[in-house]
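Below is run.txt, which holds compact mmCIF, C-alpha atoms and all ligand atoms.
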# COMPACT_ATOMS: atom_id res chain seq x y z
CA MET D 1 36.83 18.74 20.74
CA VAL D 2 33.11 18.72 21.64
CA TYR D 3 32.23 19.05 17.96
CA LEU D 4 34.53 16.17 17.06
CA ILE D 5 32.91 13.88 19.65
CA ALA D 6 29.43 14.96 18.56
CA GLY D 7 30.38 14.35 14.94
CA LEU D 8 31.78 10.89 15.68
CA LEU D 9 28.70 10.06 17.74
CA ALA D 10 26.45 11.12 14.86
CA VAL D 11 28.41 8.90 12.45
CA VAL D 12 28.16 5.93 14.84
CA ILE D 13 24.41 6.45 15.32
CA ILE D 14 23.79 6.79 11.59
CA ALA D 15 25.89 3.69 10.85
CA PHE D 16 23.96 1.76 13.51
CA LEU D 17 20.60 2.84 12.11
CA LEU D 18 21.65 1.97 8.57
CA PHE D 19 22.80 -1.45 9.70
CA LYS D 20 19.64 -2.06 11.69
CA MET D 21 17.17 -0.94 9.06
CA GLY D 22 18.56 -1.91 5.69
CA SER D 23 17.12 -4.85 3.80
CA ALA D 24 20.60 -5.86 2.65
CA PHE D 25 21.44 -6.99 6.21
CA GLY D 26 19.12 -9.94 6.58
CA GLY D 27 15.96 -7.87 6.38
CA LEU D 28 12.80 -8.67 4.47
CA PRO D 29 11.24 -5.68 2.69
CA VAL D 30 7.46 -6.13 2.63
CA LEU D 31 5.97 -3.58 0.23
CA ASN D 32 2.38 -2.44 0.66
CA TYR D 33 0.23 -1.21 -2.23
CA HIS D 34 -3.50 -0.57 -2.54
CA LYS D 35 -4.98 0.43 -5.90
CA ILE D 36 -3.31 -0.16 -9.27
CA GLY D 37 -4.66 2.39 -11.75
CA THR D 38 -4.33 3.48 -15.35
CA GLY D 39 -5.04 7.18 -14.76
CA LYS D 40 -3.41 9.60 -12.34
CA PRO D 41 -1.40 8.26 -9.41
CA ASP D 42 -2.19 9.32 -5.83
CA PHE D 43 -1.29 8.32 -2.28
CA LEU D 44 -3.12 4.98 -2.56
CA THR D 45 -2.92 4.48 -6.34
CA VAL D 46 0.18 3.31 -8.18
CA THR D 47 -0.17 3.31 -11.98
CA THR D 48 0.55 0.31 -14.20
CA GLY D 49 3.41 2.35 -15.72
CA GLN D 50 4.99 2.85 -12.28
CA LEU D 51 4.41 -0.77 -11.39
CA ARG D 52 6.20 -1.92 -14.55
CA GLU D 53 9.21 0.14 -13.42
CA HIS D 54 9.03 -1.43 -9.95
CA PHE D 55 8.75 -5.00 -11.24
CA ASP D 56 11.45 -4.43 -13.83
CA TYR D 57 13.78 -3.12 -11.13
CA LEU D 58 13.11 -6.08 -8.80
CA ASN D 59 13.70 -8.60 -11.57
CA LYS D 60 16.83 -6.90 -12.93
CA LYS D 61 18.39 -6.59 -9.46
CA GLY D 62 17.83 -10.27 -8.70
CA TYR D 63 15.10 -9.93 -6.09
CA THR D 64 12.74 -12.88 -5.63
CA THR D 65 9.15 -12.19 -4.62
CA ILE D 66 7.74 -14.54 -2.00
CA PHE D 67 4.32 -15.70 -0.88
CA ILE D 68 2.95 -15.56 2.66
CA SER D 69 3.31 -19.36 2.73
CA ASP D 70 7.05 -18.98 1.99
CA LEU D 71 7.44 -16.60 4.93
CA LEU D 72 5.46 -18.93 7.18
CA ALA D 73 7.62 -21.90 6.16
CA HIS D 74 10.71 -19.79 6.88
CA ILE D 75 9.50 -18.69 10.32
CA GLU D 76 7.94 -21.97 11.43
CA GLN D 77 10.09 -24.61 9.71
CA LYS D 78 13.30 -22.61 9.18
CA LYS D 79 13.00 -23.14 5.43
CA PRO D 80 15.50 -20.76 3.83
CA LEU D 81 14.29 -17.71 1.91
CA PRO D 82 15.72 -16.92 -1.54
CA ALA D 83 18.85 -14.74 -1.67
CA ARG D 84 17.16 -11.36 -2.12
CA PRO D 85 13.63 -11.85 -0.87
CA VAL D 86 10.96 -9.21 -1.18
CA MET D 87 7.27 -9.46 -0.44
CA ILE D 88 4.61 -7.62 -2.45
CA THR D 89 1.34 -7.04 -0.60
CA LEU D 90 -1.83 -5.17 -1.53
CA ASP D 91 -4.61 -4.21 0.84
CA ASP D 92 -8.41 -4.23 0.53
CA GLY D 93 -8.92 -6.29 -2.67
CA TYR D 94 -9.78 -3.64 -5.28
CA ARG D 95 -11.07 -4.81 -8.63
CA ASP D 96 -8.16 -3.09 -10.36
CA ASN D 97 -5.88 -5.65 -8.71
CA TYR D 98 -7.47 -8.20 -11.02
CA ASN D 99 -7.75 -5.95 -14.09
CA ASN D 100 -4.43 -4.10 -13.89
CA LEU D 101 -2.12 -5.94 -11.50
CA TYR D 102 -2.75 -9.58 -12.34
CA PRO D 103 -1.65 -9.37 -16.02
CA LEU D 104 1.60 -7.69 -14.92
CA LEU D 105 2.22 -10.34 -12.26
CA LYS D 106 2.09 -12.96 -15.00
CA GLU D 107 4.17 -10.95 -17.44
CA TYR D 108 6.96 -10.30 -14.92
CA ASN D 109 6.56 -13.58 -13.04
CA ILE D 110 6.00 -11.77 -9.74
CA LYS D 111 4.16 -13.18 -6.72
CA ALA D 112 1.76 -10.98 -4.77
CA ASN D 113 -0.27 -11.27 -1.57
CA ILE D 114 -3.62 -9.54 -1.29
CA PHE D 115 -5.40 -8.85 2.02
CA LEU D 116 -9.12 -9.02 1.37
CA VAL D 117 -11.96 -7.19 3.09
CA ALA D 118 -14.32 -10.16 3.01
CA GLY D 119 -17.57 -8.17 3.05
CA PHE D 120 -16.49 -6.06 0.07
CA ILE D 121 -15.93 -8.91 -2.39
CA GLN D 122 -18.55 -8.97 -5.13
CA ALA D 123 -20.43 -12.24 -5.25
CA PRO D 124 -23.50 -13.66 -7.01
CA ASP D 125 -25.41 -13.72 -3.68
CA ASP D 126 -25.17 -9.89 -3.51
CA LYS D 127 -24.33 -9.99 0.20
CA GLN D 128 -21.44 -7.53 -0.26
CA VAL D 129 -21.45 -4.05 1.29
CA MET D 130 -23.10 -1.82 -1.33
CA PRO D 131 -22.62 0.93 -2.35
CA ASN D 132 -19.02 1.12 -1.23
CA PRO D 133 -17.43 4.58 -0.97
CA MET D 134 -13.93 3.02 -0.90
CA GLY D 135 -14.20 1.91 -4.54
CA GLU D 136 -14.93 -1.16 -6.63
CA PHE D 137 -13.83 -4.53 -5.28
CA MET D 138 -12.93 -7.76 -7.05
CA LEU D 139 -15.37 -10.55 -7.81
CA ALA D 140 -15.07 -13.80 -5.89
CA GLU D 141 -14.39 -15.66 -9.16
CA GLU D 142 -11.57 -13.24 -10.00
CA ALA D 143 -9.95 -13.88 -6.62
CA ILE D 144 -10.24 -17.63 -7.15
CA GLU D 145 -8.65 -17.34 -10.60
CA MET D 146 -5.69 -15.34 -9.24
CA SER D 147 -5.21 -17.81 -6.37
CA ARG D 148 -4.32 -20.51 -8.93
CA ASP D 149 -0.95 -18.99 -9.79
CA GLN D 150 0.43 -15.56 -8.88
CA VAL D 151 -1.55 -14.55 -5.78
CA GLN D 152 -2.11 -15.63 -2.18
CA PHE D 153 -4.73 -14.06 0.05
CA GLY D 154 -4.95 -13.01 3.68
CA LEU D 155 -7.56 -11.41 5.94
CA HIS D 156 -8.21 -7.68 6.28
CA THR D 157 -11.42 -7.64 8.39
CA TYR D 158 -15.05 -8.01 7.26
CA ALA D 159 -15.91 -4.35 6.58
CA HIS D 160 -12.62 -2.48 7.08
CA ASP D 161 -13.26 -1.62 10.74
CA SER D 162 -10.28 -0.55 12.80
CA TYR D 163 -9.31 -3.14 15.40
CA SER D 164 -7.95 -0.30 17.56
CA ARG D 165 -11.55 0.77 18.11
CA LEU D 166 -13.14 -2.66 18.60
CA SER D 167 -13.32 -4.58 21.86
CA LEU D 168 -11.72 -8.02 22.02
CA PRO D 169 -15.06 -9.88 21.68
CA GLU D 170 -15.87 -7.66 18.67
CA ILE D 171 -12.50 -8.45 17.10
CA GLU D 172 -13.10 -12.16 17.66
CA ALA D 173 -16.53 -11.94 16.03
CA ASP D 174 -15.07 -9.98 13.10
CA LEU D 175 -12.31 -12.55 12.53
CA LYS D 176 -14.82 -15.41 12.55
CA ARG D 177 -17.19 -13.62 10.20
CA THR D 178 -14.33 -12.76 7.83
CA LYS D 179 -13.05 -16.35 7.70
CA ASP D 180 -16.58 -17.74 7.26
CA ARG D 181 -17.37 -15.39 4.38
CA LEU D 182 -14.13 -16.18 2.53
CA ALA D 183 -14.78 -19.91 2.99
CA GLU D 184 -18.33 -19.46 1.75
CA LEU D 185 -17.00 -17.72 -1.37
CA GLY D 186 -14.45 -20.51 -1.92
CA ILE D 187 -11.46 -18.18 -1.79
CA PRO D 188 -8.38 -19.91 -0.35
CA VAL D 189 -6.65 -17.83 2.32
CA GLN D 190 -3.39 -18.04 4.23
CA PRO D 191 -3.61 -17.90 8.04
CA CYS D 192 -2.64 -14.26 8.23
CA HIS D 193 -4.18 -10.88 8.89
CA ALA D 194 -3.25 -7.30 7.95
CA TYR D 195 -4.44 -4.61 10.36
CA THR D 196 -6.63 -2.00 8.70
CA PHE D 197 -5.30 1.56 8.71
CA GLY D 198 -1.80 0.16 8.82
CA ALA D 199 -1.46 -0.42 12.52
CA TYR D 200 -3.01 -1.81 15.60
CA ASN D 201 -2.72 1.38 17.63
CA GLN D 202 -3.80 -0.01 20.94
CA GLN D 203 -2.28 2.16 23.67
CA ASN D 204 -2.76 -0.56 26.23
CA ASP D 205 0.01 -3.20 25.98
CA ASP D 206 -2.07 -5.83 27.78
CA LYS D 207 -4.89 -5.39 25.30
CA ARG D 208 -2.46 -5.62 22.42
CA LEU D 209 -1.05 -8.89 23.78
CA ALA D 210 -4.59 -10.17 24.36
CA MET D 211 -5.37 -9.41 20.73
CA PHE D 212 -2.30 -11.33 19.55
CA GLU D 213 -3.51 -14.24 21.66
CA LEU D 214 -6.96 -13.93 20.12
CA LEU D 215 -5.47 -14.00 16.62
CA ARG D 216 -3.54 -17.14 17.59
CA GLN D 217 -6.69 -18.80 18.91
CA GLN D 218 -8.42 -17.98 15.62
CA GLY D 219 -5.68 -19.83 13.73
CA ILE D 220 -3.87 -16.68 12.53
CA ARG D 221 -0.12 -17.21 12.37
CA LEU D 222 1.10 -13.89 10.93
CA GLY D 223 -0.02 -10.28 11.43
CA PHE D 224 1.05 -7.35 9.25
CA ARG D 225 1.15 -3.64 10.04
CA VAL D 226 2.54 -0.63 8.17
CA SER D 227 5.51 0.99 9.86
CA ASN D 228 7.74 1.80 6.86
CA TRP D 229 10.33 -0.35 8.53
CA VAL D 230 12.16 -3.51 7.41
CA ASP D 231 12.12 -6.39 9.89
CA LYS D 232 15.17 -8.55 10.22
CA MET D 233 14.67 -12.28 9.90
CA PRO D 234 13.68 -14.16 11.98
CA VAL D 235 10.93 -11.69 12.91
CA ARG D 236 10.76 -10.64 16.53
CA ASN D 237 6.97 -10.58 16.66
CA LYS D 238 5.10 -12.54 13.99
CA PHE D 239 1.87 -10.68 14.78
CA PHE D 240 3.51 -7.35 14.05
CA VAL D 241 5.43 -7.76 10.80
CA SER D 242 6.49 -4.42 9.30
CA ARG D 243 5.43 -3.27 5.87
CA ILE D 244 6.41 -0.26 3.76
CA HIS D 245 3.74 1.90 2.15
CA VAL D 246 4.47 2.48 -1.55
CA SER D 247 2.74 5.70 -2.59
CA GLY D 248 1.84 6.54 -6.17
CA LEU D 249 3.26 9.98 -5.42
CA PHE D 250 6.76 8.55 -4.97
CA PRO D 251 9.19 9.14 -7.82
CA PHE D 252 11.01 5.97 -8.89
CA TRP D 253 14.12 6.67 -6.80
CA LYS D 254 11.96 6.72 -3.67
CA PHE D 255 10.67 3.25 -4.55
CA LYS D 256 14.28 2.05 -4.51
CA ILE D 257 14.75 3.61 -1.05
CA CYS D 258 11.63 1.67 0.06
CA VAL D 259 13.14 -1.62 -1.14
CA TRP D 260 16.45 -0.83 0.56
CA GLY D 261 14.54 -0.20 3.80
CA TYR D 262 15.54 3.42 4.32
CA ILE D 263 12.29 5.24 3.53
CA LYS D 264 11.50 5.95 7.19
CA ILE D 265 14.86 7.69 7.76
CA PHE D 266 14.42 9.49 4.47
CA ASN D 267 10.90 10.71 5.29
CA ARG D 268 12.12 12.02 8.65
CA LEU D 269 15.03 13.86 7.03
CA GLU D 270 12.69 15.31 4.45
CA LYS D 271 10.37 16.61 7.18
CA ILE D 272 13.26 18.18 9.09
CA MET D 273 14.57 19.90 5.94
CA LYS D 274 11.16 21.42 5.15
ZN ZN N 1 -7.15 -1.41 4.24

Please lay out the structure from this file as structure tokens.
Ligand SMILES: [Zn+2]
Amino acid sequence: MVYLIAGLLAVVIIAFLLFKMGSAFGGLPVLNYHKIGTGKPDFLTVTTGQLREHFDYLNKKGYTTIFISDLLAHIEQKKPLPARPVMITLDDGYRDNYNNLYPLLKEYNIKANIFLVAGFIQAPDDKQVMPNPMGEFMLAEEAIEMSRDQVQFGLHTYAHDSYSRLSLPEIEADLKRTKDRLAELGIPVQPCHAYTFGAYNQQNDDKRLAMFELLRQQGIRLGFRVSNWVDKMPVRNKFFVSRIHVSGLFPFWKFKICVWGYIKIFNRLEKIMK
């Protein structure tokens, strides 16, 4: 009898979690990539071959990729999203996004959103952070070219500092400096920010709320983290929108689980089974 009740309870809990997390139930999967390479894949690098599989899958299954501006219009003006919306995001602004990703975006007619580290963008004035151990970053002119069709941009700090470690005045200064630099380079940006290192891990709730308020004062209207979760629409907290990390180490079937919104459950199960 005890086993039966426990079994039923487990089924109910699993069904509840599946309902809550899945993208099929009014959720918006926001995928998060970094580098797009032509060599070996790794945790932060998805190859062009893998990306072709991803884009092909999204197109064949009837998903529609959306821009940050589409999500903003949905949240702020209740403008409907397409039937199977999915958002592609990339962090940091690597040069390979221009060389390897951009041609594929055009070929597959996919929209992407790139969060730029303003101080890393290569520009004729040579003010960028150099040398940069994180890799090679796109040129300002390349960003401008992409902004004309398949790509929208958002903020991702000035020099990839973690906002969990900065004080509020430091965060404010960083936001201003980031916006000023992008304006100086002539790169159009959406009023949104992606937290570096995936999350804003502030232990103190008051400080977290104060940071959201600071973002609002700085004209930011959307904030993105990485939680491997799918948020239901309308989002509960627009300064804490969930994204799903897509690793180059994932086999294709795991990418599908990401899009369905179940990768967090799956990762947990995998850990338990190990
Ligand atoms: Zn980053």

Enumerate, in order of chain and increasing residue number, the residues of chain D with an atom no farther than 9 Å from ligand ZN 1 (chain N), each with its shortest atom pair and distance in Å to one decimal, counting only C-alpha atoms and all ligand atoms, as a Markdown table.
| residue | atom | partner | partner_atom | distance |
| --- | --- | --- | --- | --- |
| D:His34 | CA | N:ZN1 | ZN | 7.7 |
| D:Leu90 | CA | N:ZN1 | ZN | 8.7 |
| D:Asp91 | CA | N:ZN1 | ZN | 5.1 |
| D:Asp92 | CA | N:ZN1 | ZN | 4.8 |
| D:Gly93 | CA | N:ZN1 | ZN | 8.6 |
| D:Phe115 | CA | N:ZN1 | ZN | 8.0 |
| D:Leu116 | CA | N:ZN1 | ZN | 8.4 |
| D:Val117 | CA | N:ZN1 | ZN | 7.6 |
| D:His156 | CA | N:ZN1 | ZN | 6.7 |
| D:Thr157 | CA | N:ZN1 | ZN | 8.6 |
| D:His160 | CA | N:ZN1 | ZN | 6.3 |
| D:Asp161 | CA | N:ZN1 | ZN | 8.9 |
| D:Ala194 | CA | N:ZN1 | ZN | 8.0 |
| D:Tyr195 | CA | N:ZN1 | ZN | 7.4 |
| D:Thr196 | CA | N:ZN1 | ZN | 4.5 |
| D:Phe197 | CA | N:ZN1 | ZN | 5.7 |
| D:Gly198 | CA | N:ZN1 | ZN | 7.2 |

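Closest approach to Lys238 of chain D among D:Ile75, D:Pro169, D:Phe120, D:Gln190 is made by D:Ile75 (distances from all atoms listed in the file).
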
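Using all atoms listed in the file, the nearest neighbour of Gln152 of chain D within the list D:Lys111, D:Lys61, D:Lys106, D:Lys264 is D:Lys111.
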
Quick check, in Å to one decimal: how far apart do atom CA of Phe240 of chain D and atom CA of Trp260 of chain D lie? 19.8 Å

What is the atom CA of Ser247 of chain D-atom CA of Lys40 of chain D distance in Å, reported with one decimal?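 For atom CA of Ser247 of chain D relative to atom CA of Lys40 of chain D, the distance reads 12.2 Å.
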
Using all atoms listed in the file, which protein or nucleic acid residues come within 12 Å of segment 7-17 of chain D? Drop anything in the same chain fewer than 5 positions from it, and give the result as a ChimeraX atom specification. /D:1-2,22-23,25,229-230,261-262,264-266

Quick one: of D:Gly26, D:Pro131, D:Pro103, D:Pro188, who's nearest to Gly154 of chain D, counting only C-alpha atoms? D:Pro188

So how many Å separate atom CA of Lys176 of chain D and atom CA of Val189 of chain D, to one decimal? 13.3 Å

At most 6 Å from (6.2, 0.7, 0.2), file frame, all atoms listed in the file: which residues, as a VMD selection string? chain D and resid 31 to 32 244 to 246 258
